[in-house]
Every structure is written in C-alpha cells, then in structure tokens.
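Listing of final.cif; format and content: mmCIF, C-alpha atoms.
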data_work
loop_
_atom_site.label_atom_id
_atom_site.label_comp_id
_atom_site.auth_asym_id
_atom_site.auth_seq_id
_atom_site.Cartn_x
_atom_site.Cartn_y
_atom_site.Cartn_z
CA MET A 1 93.60 93.92 122.20
CA LYS A 2 96.60 92.30 123.85
CA TYR A 3 100.15 93.53 123.38
CA ARG A 4 103.59 91.95 123.33
CA ARG A 5 107.09 93.38 123.54
CA LEU A 6 108.78 93.72 120.14
CA GLY A 7 112.12 92.29 121.20
CA LYS A 8 114.99 94.64 122.04
CA ILE A 9 113.05 97.58 120.55
CA GLY A 10 110.97 97.48 123.73
CA PHE A 11 107.79 98.79 122.09
CA ASP A 12 104.62 96.87 122.96
CA VAL A 13 102.85 95.93 119.73
CA SER A 14 99.36 94.53 119.21
CA GLU A 15 99.39 90.74 119.03
CA ILE A 16 97.36 90.96 115.84
CA SER A 17 98.66 93.81 113.73
CA LEU A 18 98.22 94.67 110.05
CA GLY A 19 100.15 93.82 106.92
CA THR A 20 99.43 96.01 103.91
CA TRP A 21 100.50 93.96 100.90
CA GLN A 22 96.95 93.91 99.57
CA VAL A 23 95.45 96.79 101.58
CA GLY A 24 93.23 98.95 99.41
CA GLY A 25 92.29 96.13 97.06
CA LYS A 26 92.58 92.43 96.46
CA TRP A 27 95.78 91.12 94.94
CA GLY A 28 95.73 91.96 91.27
CA SER A 29 93.10 94.71 91.50
CA PRO A 30 93.59 98.50 91.40
CA PHE A 31 94.55 100.34 94.58
CA ASN A 32 91.66 102.13 96.32
CA PHE A 33 92.80 104.89 98.66
CA GLU A 34 89.43 105.33 100.36
CA ASN A 35 89.16 101.63 101.08
CA ALA A 36 92.75 101.50 102.33
CA GLU A 37 92.16 104.40 104.72
CA LYS A 38 89.05 102.71 106.11
CA ILE A 39 90.95 99.47 106.73
CA LEU A 40 93.78 101.28 108.49
CA GLN A 41 91.57 103.53 110.60
CA ASN A 42 89.25 100.69 111.54
CA SER A 43 92.21 98.54 112.60
CA ILE A 44 93.79 101.27 114.72
CA ASP A 45 90.46 102.10 116.34
CA ASN A 46 90.28 98.44 117.35
CA GLY A 47 93.66 98.55 119.09
CA VAL A 48 96.07 97.68 116.27
CA ASN A 49 99.21 99.75 116.75
CA PHE A 50 101.72 98.11 114.38
CA ILE A 51 101.42 98.64 110.62
CA ASP A 52 103.75 96.90 108.18
CA THR A 53 104.19 98.13 104.63
CA ALA A 54 106.87 98.20 101.90
CA ASP A 55 107.97 100.48 99.10
CA VAL A 56 107.10 97.80 96.57
CA TYR A 57 103.47 97.37 97.69
CA SER A 58 101.23 98.85 95.01
CA ASP A 59 104.30 100.71 93.71
CA GLY A 60 104.49 102.99 96.74
CA LEU A 61 100.77 103.68 97.14
CA SER A 62 100.57 101.55 100.27
CA GLU A 63 103.34 103.61 101.88
CA GLN A 64 101.54 106.82 100.96
CA VAL A 65 98.29 105.88 102.67
CA VAL A 66 100.10 104.41 105.69
CA GLY A 67 102.07 107.65 106.05
CA LYS A 68 98.89 109.71 105.89
CA ILE A 69 97.27 107.65 108.62
CA ALA A 70 100.45 107.69 110.72
CA LYS A 71 100.36 111.48 110.82
CA ILE A 72 96.73 111.44 111.95
CA TYR A 73 97.38 109.01 114.81
CA LYS A 74 100.92 110.29 115.50
CA ASP A 75 102.51 108.38 118.41
CA GLN A 76 99.70 105.82 118.64
CA VAL A 77 101.11 103.59 115.90
CA PHE A 78 104.46 101.99 115.12
CA ILE A 79 105.24 102.03 111.40
CA ALA A 80 107.44 99.51 109.65
CA THR A 81 108.39 99.54 105.99
CA LYS A 82 110.85 97.62 103.83
CA CYS A 83 113.46 98.30 101.18
CA GLY A 84 115.34 96.39 98.51
CA ARG A 85 112.68 94.31 96.82
CA ARG A 86 112.14 97.00 94.18
CA PHE A 87 115.70 96.69 92.92
CA ASN A 88 115.75 95.43 89.35
CA PRO A 89 117.35 93.03 88.92
CA HIS A 90 116.81 91.82 92.47
CA ILE A 91 120.34 90.54 92.99
CA ASP A 92 123.07 91.22 95.52
CA ALA A 93 124.89 93.60 93.16
CA SER A 94 121.85 95.90 93.25
CA TYR A 95 122.17 96.27 97.03
CA THR A 96 124.62 99.14 96.88
CA LEU A 97 124.91 101.51 99.81
CA VAL A 98 123.83 104.38 97.58
CA ALA A 99 120.72 102.52 96.41
CA LEU A 100 119.76 101.46 99.93
CA ARG A 101 120.17 104.98 101.29
CA LYS A 102 118.03 106.32 98.46
CA SER A 103 115.36 103.71 99.21
CA VAL A 104 115.15 104.85 102.82
CA GLU A 105 115.00 108.50 101.81
CA ASP A 106 112.35 107.74 99.17
CA SER A 107 110.21 105.97 101.78
CA LEU A 108 110.50 108.95 104.11
CA THR A 109 109.36 111.23 101.29
CA ASN A 110 106.62 108.86 100.20
CA MET A 111 105.22 108.60 103.72
CA GLY A 112 105.79 112.23 104.66
CA LEU A 113 107.76 111.23 107.76
CA ASP A 114 111.02 112.50 109.24
CA CYS A 115 112.07 109.17 110.71
CA LEU A 116 111.10 105.52 110.18
CA ASP A 117 110.27 103.48 113.28
CA LEU A 118 111.50 100.30 111.60
CA ILE A 119 113.11 99.72 108.21
CA GLN A 120 113.48 96.12 107.08
CA LEU A 121 115.64 94.67 104.35
CA HIS A 122 113.05 93.03 102.12
CA CYS A 123 114.06 89.40 101.50
CA PRO A 124 117.57 90.23 100.30
CA PRO A 125 119.58 87.72 98.25
CA TRP A 126 121.71 85.22 100.17
CA GLU A 127 124.98 86.99 99.34
CA THR A 128 123.78 90.24 100.93
CA TYR A 129 123.71 88.65 104.39
CA TYR A 130 127.49 88.27 104.16
CA ARG A 131 128.19 91.97 103.58
CA PRO A 132 128.68 93.75 106.92
CA GLU A 133 128.82 97.13 105.20
CA VAL A 134 125.13 96.77 104.25
CA PHE A 135 124.12 96.40 107.89
CA GLU A 136 126.55 99.09 109.05
CA LEU A 137 124.84 101.57 106.73
CA PHE A 138 121.72 101.46 108.89
CA ASP A 139 123.72 102.43 111.97
CA LYS A 140 124.73 105.56 110.07
CA LEU A 141 121.14 106.22 109.03
CA LYS A 142 120.11 105.85 112.67
CA GLN A 143 122.76 108.36 113.74
CA GLU A 144 121.40 110.73 111.09
CA GLY A 145 117.91 110.42 112.59
CA LYS A 146 116.36 108.83 109.51
CA ILE A 147 115.54 105.46 111.09
CA LYS A 148 115.11 104.15 114.62
CA ASN A 149 115.50 100.42 114.08
CA LEU A 150 116.63 97.84 111.52
CA GLY A 151 114.94 94.52 110.81
CA VAL A 152 115.13 91.87 108.11
CA SER A 153 112.29 90.16 106.30
CA VAL A 154 113.50 86.68 105.31
CA GLU A 155 112.50 83.73 103.20
CA LYS A 156 114.51 81.03 104.98
CA VAL A 157 115.23 80.11 108.57
CA GLU A 158 118.96 80.05 107.79
CA GLN A 159 118.75 83.66 106.59
CA ALA A 160 117.04 84.66 109.84
CA ILE A 161 119.80 83.03 111.86
CA LYS A 162 122.50 84.74 109.80
CA ALA A 163 120.79 88.15 110.07
CA MET A 164 120.66 87.90 113.86
CA GLN A 165 124.45 87.75 113.96
CA TYR A 166 124.39 91.51 113.29
CA PRO A 167 123.71 93.23 116.63
CA ASN A 168 121.73 96.08 115.08
CA VAL A 169 119.07 93.70 113.70
CA THR A 170 116.14 94.12 116.09
CA THR A 171 113.40 92.16 114.32
CA ILE A 172 112.94 89.26 111.94
CA GLN A 173 109.86 89.01 109.75
CA ILE A 174 109.22 85.43 108.69
CA ILE A 175 106.51 83.16 107.30
CA PHE A 176 105.10 80.95 110.05
CA ASN A 177 101.78 79.16 109.99
CA MET A 178 100.19 75.71 110.29
CA PHE A 179 101.67 74.89 106.87
CA ARG A 180 105.12 76.39 107.59
CA GLN A 181 106.22 75.13 110.98
CA ARG A 182 110.00 74.93 110.79
CA PRO A 183 110.68 78.38 112.34
CA LYS A 184 109.43 77.17 115.75
CA GLU A 185 112.40 74.86 116.08
CA LEU A 186 115.87 76.42 116.33
CA PHE A 187 115.01 79.93 115.11
CA PHE A 188 112.46 80.75 117.82
CA GLU A 189 114.89 79.70 120.53
CA MET A 190 117.70 81.79 119.05
CA ALA A 191 115.49 84.86 118.57
CA LYS A 192 114.42 84.70 122.21
CA LYS A 193 118.03 84.40 123.33
CA ASN A 194 119.02 87.41 121.20
CA ASP A 195 115.93 89.41 122.22
CA VAL A 196 114.92 89.80 118.58
CA GLY A 197 111.27 90.51 117.83
CA ILE A 198 109.44 88.03 115.59
CA ILE A 199 106.93 89.43 113.10
CA VAL A 200 104.89 86.68 111.47
CA ARG A 201 103.64 87.19 107.95
CA VAL A 202 101.48 85.00 105.64
CA PRO A 203 99.61 83.54 108.66
CA LEU A 204 96.81 82.15 106.49
CA ALA A 205 99.02 80.73 103.74
CA SER A 206 97.72 83.23 101.15
CA GLY A 207 94.14 82.40 102.16
CA LEU A 208 94.42 78.62 102.02
CA LEU A 209 93.96 78.40 105.78
CA THR A 210 90.70 80.31 105.70
CA GLY A 211 89.10 77.09 104.44
CA GLN A 212 87.20 79.07 101.83
CA TYR A 213 89.02 77.89 98.70
CA SER A 214 88.31 74.89 96.51
CA ALA A 215 89.58 73.31 93.29
CA ALA A 216 87.08 75.54 91.47
CA THR A 217 88.42 78.81 92.96
CA THR A 218 89.97 81.13 90.39
CA PHE A 219 92.36 84.02 90.91
CA GLU A 220 92.88 87.14 88.80
CA LYS A 221 95.69 87.22 86.25
CA ASP A 222 97.81 89.65 88.29
CA ASP A 223 97.19 87.84 91.59
CA HIS A 224 100.34 86.07 92.81
CA ARG A 225 98.16 83.09 93.77
CA ASN A 226 97.70 82.65 90.03
CA PHE A 227 101.09 83.50 88.49
CA ASN A 228 103.56 82.68 91.27
CA ARG A 229 102.67 79.13 92.29
CA ASN A 230 105.95 77.92 90.83
CA GLY A 231 107.99 81.01 91.72
CA ALA A 232 107.66 82.82 88.41
CA GLY A 233 107.60 86.27 90.01
CA PHE A 234 109.40 85.87 93.35
CA ASP A 235 110.07 83.22 95.96
CA LYS A 236 107.58 80.36 95.62
CA GLY A 237 107.29 80.17 99.40
CA GLU A 238 105.39 83.48 99.51
CA THR A 239 102.46 81.89 97.66
CA PHE A 240 100.42 79.35 99.63
CA SER A 241 103.54 79.02 101.83
CA GLY A 242 105.14 77.02 99.03
CA VAL A 243 102.55 74.25 99.35
CA GLU A 244 101.17 72.79 96.13
CA TYR A 245 97.61 74.12 95.89
CA GLU A 246 95.71 70.84 95.56
CA LEU A 247 97.72 69.26 98.36
CA GLY A 248 96.95 72.26 100.54
CA LEU A 249 93.25 71.82 99.86
CA THR A 250 93.47 68.20 100.97
CA ALA A 251 95.17 69.17 104.24
CA VAL A 252 92.66 71.98 104.82
CA GLU A 253 89.74 69.61 104.29
CA GLU A 254 90.97 67.37 107.08
CA LEU A 255 91.40 70.40 109.35
CA LYS A 256 87.83 71.48 108.57
CA GLN A 257 86.50 68.02 109.35
CA TYR A 258 88.28 67.96 112.68
CA PHE A 259 87.34 71.49 113.80
CA GLY A 260 83.77 71.31 112.48
CA ASP A 261 81.95 74.63 112.45
CA ARG A 262 84.81 76.50 114.17
CA ASP A 263 86.33 79.26 112.02
CA LEU A 264 89.58 77.95 110.51
CA SER A 265 91.15 81.37 109.98
CA GLU A 266 90.66 82.19 113.67
CA ILE A 267 92.22 78.88 114.61
CA ALA A 268 95.18 79.50 112.28
CA ILE A 269 95.94 82.86 113.88
CA LYS A 270 95.37 81.56 117.40
CA TRP A 271 97.79 78.70 116.72
CA ILE A 272 100.51 81.21 115.86
CA LEU A 273 99.85 83.33 118.94
CA GLN A 274 100.15 80.31 121.22
CA HIS A 275 103.86 80.46 120.51
CA GLU A 276 105.09 82.95 123.11
CA GLU A 277 108.20 83.85 121.11
CA VAL A 278 106.03 85.55 118.45
CA SER A 279 105.79 89.32 118.93
CA CYS A 280 102.93 89.87 116.50
CA VAL A 281 101.19 88.45 113.48
CA ILE A 282 100.41 90.67 110.47
CA PRO A 283 97.50 89.28 108.44
CA GLY A 284 96.41 91.43 105.53
CA ALA A 285 92.98 92.73 104.62
CA SER A 286 91.37 93.96 101.42
CA ARG A 287 88.31 95.41 103.18
CA PRO A 288 87.47 96.60 106.74
CA GLU A 289 85.31 93.55 107.50
CA GLN A 290 88.28 91.31 106.76
CA ALA A 291 90.44 93.27 109.18
CA ASN A 292 87.77 92.83 111.85
CA GLN A 293 87.60 89.11 111.14
CA ASN A 294 91.34 88.82 111.74
CA LEU A 295 90.89 90.20 115.25
CA THR A 296 88.29 87.64 116.33
CA ALA A 297 91.05 85.17 117.18
CA LEU A 298 91.73 87.32 120.25
CA GLU A 299 88.41 86.18 121.74
CA MET A 300 89.17 82.48 121.36
CA GLU A 301 90.24 80.20 124.16
CA ASP A 302 93.60 78.56 123.69
CA LEU A 303 93.64 75.52 121.46
CA SER A 304 93.68 72.29 123.46
CA LYS A 305 96.50 69.75 123.52
CA ASP A 306 94.39 67.51 121.30
CA ASP A 307 93.86 70.40 118.86
CA LEU A 308 97.57 71.13 118.73
CA GLN A 309 98.39 67.47 118.24
CA PHE A 310 95.96 67.17 115.33
CA ILE A 311 97.46 70.23 113.64
CA GLU A 312 100.93 68.71 114.05
CA THR A 313 99.76 65.35 112.71
CA ASN A 314 98.09 67.02 109.72
CA TYR A 315 101.31 68.91 108.95
CA ASN A 316 103.46 65.81 109.23
CA LYS A 317 101.09 63.79 107.05
CA HIS A 318 100.56 66.24 104.20
CA ILE A 319 102.95 69.19 104.29
CA ARG A 320 106.26 68.47 106.01
CA ASN A 321 107.93 66.52 103.20
CA GLU A 322 107.08 69.21 100.66
CA VAL A 323 108.19 72.37 102.47
CA HIS A 324 109.94 71.75 105.77
CA GLU A 325 113.57 71.77 104.68
CA LEU A 326 113.13 74.29 101.84
CA TRP A 327 112.43 77.35 103.94
#

Mind turning the file's structure into structure tokens?
Amino acid sequence: MKYRRLGKIGFDVSEISLGTWQVGGKWGSPFNFENAEKILQNSIDNGVNFIDTADVYSDGLSEQVVGKIAKIYKDQVFIATKCGRRFNPHIDASYTLVALRKSVEDSLTNMGLDCLDLIQLHCPPWETYYRPEVFELFDKLKQEGKIKNLGVSVEKVEQAIKAMQYPNVTTIQIIFNMFRQRPKELFFEMAKKNDVGIIVRVPLASGLLTGQYSAATTFEKDDHRNFNRNGAGFDKGETFSGVEYELGLTAVEELKQYFGDRDLSEIAIKWILQHEEVSCVIPGASRPEQANQNLTALEMEDLSKDDLQFIETNYNKHIRNEVHELW
C-alpha cells in the first residue's frame, strides 16, 4: 500500500481506501453484518487505513459495523462519517444547529466512539454553504472533543470552492473519474493551494467503468442504478456520474477496445491516482473479493501519455457535453 497526506489534517491515508455505501450487501439488498466485517477486516489487513461511512448508509448499520471494527484496530484506522443527508426534507431549513449537533452525537453513539476523526457535511443544499454559523458549530464540537476535523462532501465543483472559503474545512469529498473530469481543472489547483485533502468517491461511475455492464444488465428495484437515473431519489450525478446509461456503455466499449484485455476498473482507479492532488480514492465493495480487486491498481505501471490522451479524447467525444458544466 502507498500513502498520501490528507491535506492540512496531516494524517497519511492509503491511496486506495474504502467507501461503505454498499458495504455488507449490494445496493438494494439487505445488510449483512458478517459480510461487512469481512470486507472491512480484509481491507485493513491489506493496508487500507481510511474508512468512509455515513449515518444514512443502510440506515446507520454501516456506521455500526465501522465503529465495531474501529475499536478492534484502534489507532490503525482513520474513520470518516457524514451528517445531514438523513434530514427530511433535505433542505437548508433542516440544517439547524440543533439537528446537526444531534447528528454528530448520534453517530458517536452509533459507532461507540468518543470522538470522530472526520465529520463531513453530506452534500448540503446550496443555501447552507452561505451560513457561517453552520461551519462555526463544528469548531465548537471540536473544542468539546466530539470531532477532530470537518470536511464537506459535495455534488458540484462550485460548492467545493465555496466550502474551502471556511478555514476549518480540511477535506473535500467529490466525484472524480474518467467520466467526471471537471474537478481536475480549477478545483484541484485551489485545493492544493489551501492544503485541503481531496477524497474521491464514485471512481467507477457506479460500476460503468468496470466494463462489465451491457444493455441487458438489470438492477434491483431498490438499487439507485435503477431508480435514480433521472434524479428521482437524490442528485442524478451520484448515479453513473450523471451520464446517460446507454451513452456510457458506448464510451466504455471504446475504452475496452483500446485497452484490450487490460482490466478497465484497475485503469479507472489508476487514472485517478495519477493526479497528485488526490489524497485517496474510496471505491466501495459488496464482498471481500471486490475489495481486493480494487487494490490491484496499486500494482499497475502508470498509464502512458498515449493512454491518457485516449481517455481524454473519449471523454471529449462522448461525455463532456452531457456532464461537464453540470457538476
């Protein structure tokens, strides 16, 4: 495993870490504690030391299993969770200081921890970014010993830039992959200047960039890749990176033809890691073997200039006009 500094936090995190949106079961299927524990333990044993979860994942069950594992491994792992996305309705008015404080305290209880390494606002509404009192609350929670650091998980580049104007924001979690390339422009430069850690989520575009899907692939009813393609449940950009499914398949097919028998998911993760501004990437896993597969990108040589140029050309040809200015 290789490690990178997580911005101004100063903690060295594994380049490939673990996101737990679907840990313990595929999207839409019941949560399996035993399976989740195996995924987490297997990942940590292979050098992963950064685990990202959220109170909304599996209605708190993900936090529970992450907390259990955190206590076993103690100081070996850095735990990040998120708050706010459970608010119903998910609007700015729901982001009261009382509700946010309760969310942090609920996560501490849920995980059985005394202090959170990193708490992240979970894709808050646009208006929330313009309320200094929301960000000031987390300074108070830090003084009280309930959190160590504040980050923000964002949908849009503009939100990331706005969040970084608050000096206590230490990390930005953002979607960045071969189908979502806009963050590498202005945002990466600004994050580096502000010493803000970059946590990359959705590295495989909800599985599209594994190269394993086709027009015949079906997804379970409760799987966001089925119900959220047009943003019915939450931001459309979280599903297939906002790319229309059939168009994504076309772009993937050209990538597969170019790279031949090379594993596309490895290439997708390696492409992200070749951007030095990235602190870590957090692919998910629904079984231990999948977590192991995510780590194989570490063994790859860097993509060549020709490889990088083809990926850029593929993006410009198929994807850019559909997503580039939206997120």

Take the PyMOL selection byres ((chain A and resi 320) around 12), run it mentally on this structure, and tell me the resulting residues as a PyMOL selection string. chain A and resi 178-182+241-244+247-248+251+311-319+321-327

What gap, in Å, lies between atom CA of Ala54 of chain A and atom CA of Thr20 of chain A? 8.0 Å

Name the residues captured by the PyMOL selection byres ((chain A and resi 145) around 12) when it is applied to the shown file; answer as a CSV table (one decimal) with C-alpha atoms, in the frame of the given file.
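Okay, part-v1.csv is ready:
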chain,number,residue,atom,x,y,z
A,104,VAL,CA,115.2,104.8,102.8
A,105,GLU,CA,115.0,108.5,101.8
A,108,LEU,CA,110.5,109.0,104.1
A,113,LEU,CA,107.8,111.2,107.8
A,114,ASP,CA,111.0,112.5,109.2
A,115,CYS,CA,112.1,109.2,110.7
A,116,LEU,CA,111.1,105.5,110.2
A,117,ASP,CA,110.3,103.5,113.3
A,138,PHE,CA,121.7,101.5,108.9
A,139,ASP,CA,123.7,102.4,112.0
A,140,LYS,CA,124.7,105.6,110.1
A,141,LEU,CA,121.1,106.2,109.0
A,142,LYS,CA,120.1,105.8,112.7
A,143,GLN,CA,122.8,108.4,113.7
A,144,GLU,CA,121.4,110.7,111.1
A,146,LYS,CA,116.4,108.8,109.5
A,147,ILE,CA,115.5,105.5,111.1
A,148,LYS,CA,115.1,104.2,114.6
A,149,ASN,CA,115.5,100.4,114.1

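Residue nearest Ser107 of chain A, chosen from A:Cys123, A:Ile161, A:Leu40, A:Cys83 and counting all atoms listed in the file: A:Cys83.
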
Would you work out the distance separating atom CA of Arg4 of chain A from atom CA of Lys193 of chain A, expressed in Å to one decimal?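 We find that atom CA of Arg4 of chain A and atom CA of Lys193 of chain A lie 16.3 Å from each other.
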
Surrounding residues of Asn292 of chain A excluding itself and chain neighbours under 2 positions, 12 Å, all atoms listed in the file, as a ChimeraX atom specification: /A:1,16-18,38-48,266,283-290,294-299

Among A:Glu185, A:Glu63, A:Pro124, A:Leu118, Asn168 of chain A is approached most closely, using only C-alpha atoms, by A:Leu118

Residues in the PyMOL selection byres ((chain A and resi 98) around 12), expressed as an MDAnalysis selection string: chainID A and resid 84 93:97 99:105 133:134 137:138 141

Export segment 46-71 of chain A, C-alpha atoms, as a short mmCIF file (atom, residue, chain, number, x, y, z; two decimals), in the first residue's frame; it's the structure right above.
data_model
loop_
_atom_site.label_atom_id
_atom_site.label_comp_id
_atom_site.auth_asym_id
_atom_site.auth_seq_id
_atom_site.Cartn_x
_atom_site.Cartn_y
_atom_site.Cartn_z
CA ASN A 46 -4.20 -5.20 3.20
CA GLY A 47 -3.09 -1.74 4.31
CA VAL A 48 -6.28 0.32 3.98
CA ASN A 49 -6.36 2.80 6.85
CA PHE A 50 -9.13 5.22 5.83
CA ILE A 51 -12.78 4.17 6.07
CA ASP A 52 -15.59 6.44 4.90
CA THR A 53 -19.17 5.92 6.03
CA ALA A 54 -22.32 7.98 6.68
CA ASP A 55 -25.28 7.93 9.04
CA VAL A 56 -27.60 7.41 6.09
CA TYR A 57 -25.87 4.28 4.75
CA SER A 58 -28.12 1.31 5.44
CA ASP A 59 -29.94 3.48 8.00
CA GLY A 60 -26.99 3.55 10.39
CA LEU A 61 -25.95 -0.10 10.08
CA SER A 62 -22.83 0.82 8.13
CA GLU A 63 -21.73 3.15 10.93
CA GLN A 64 -22.33 0.41 13.48
CA VAL A 65 -20.07 -2.12 11.80
CA VAL A 66 -17.41 0.50 11.02
CA GLY A 67 -17.41 1.55 14.68
CA LYS A 68 -17.02 -2.05 15.80
CA ILE A 69 -14.04 -2.57 13.52
CA ALA A 70 -12.53 0.78 14.52
CA LYS A 71 -12.42 -0.32 18.14
#
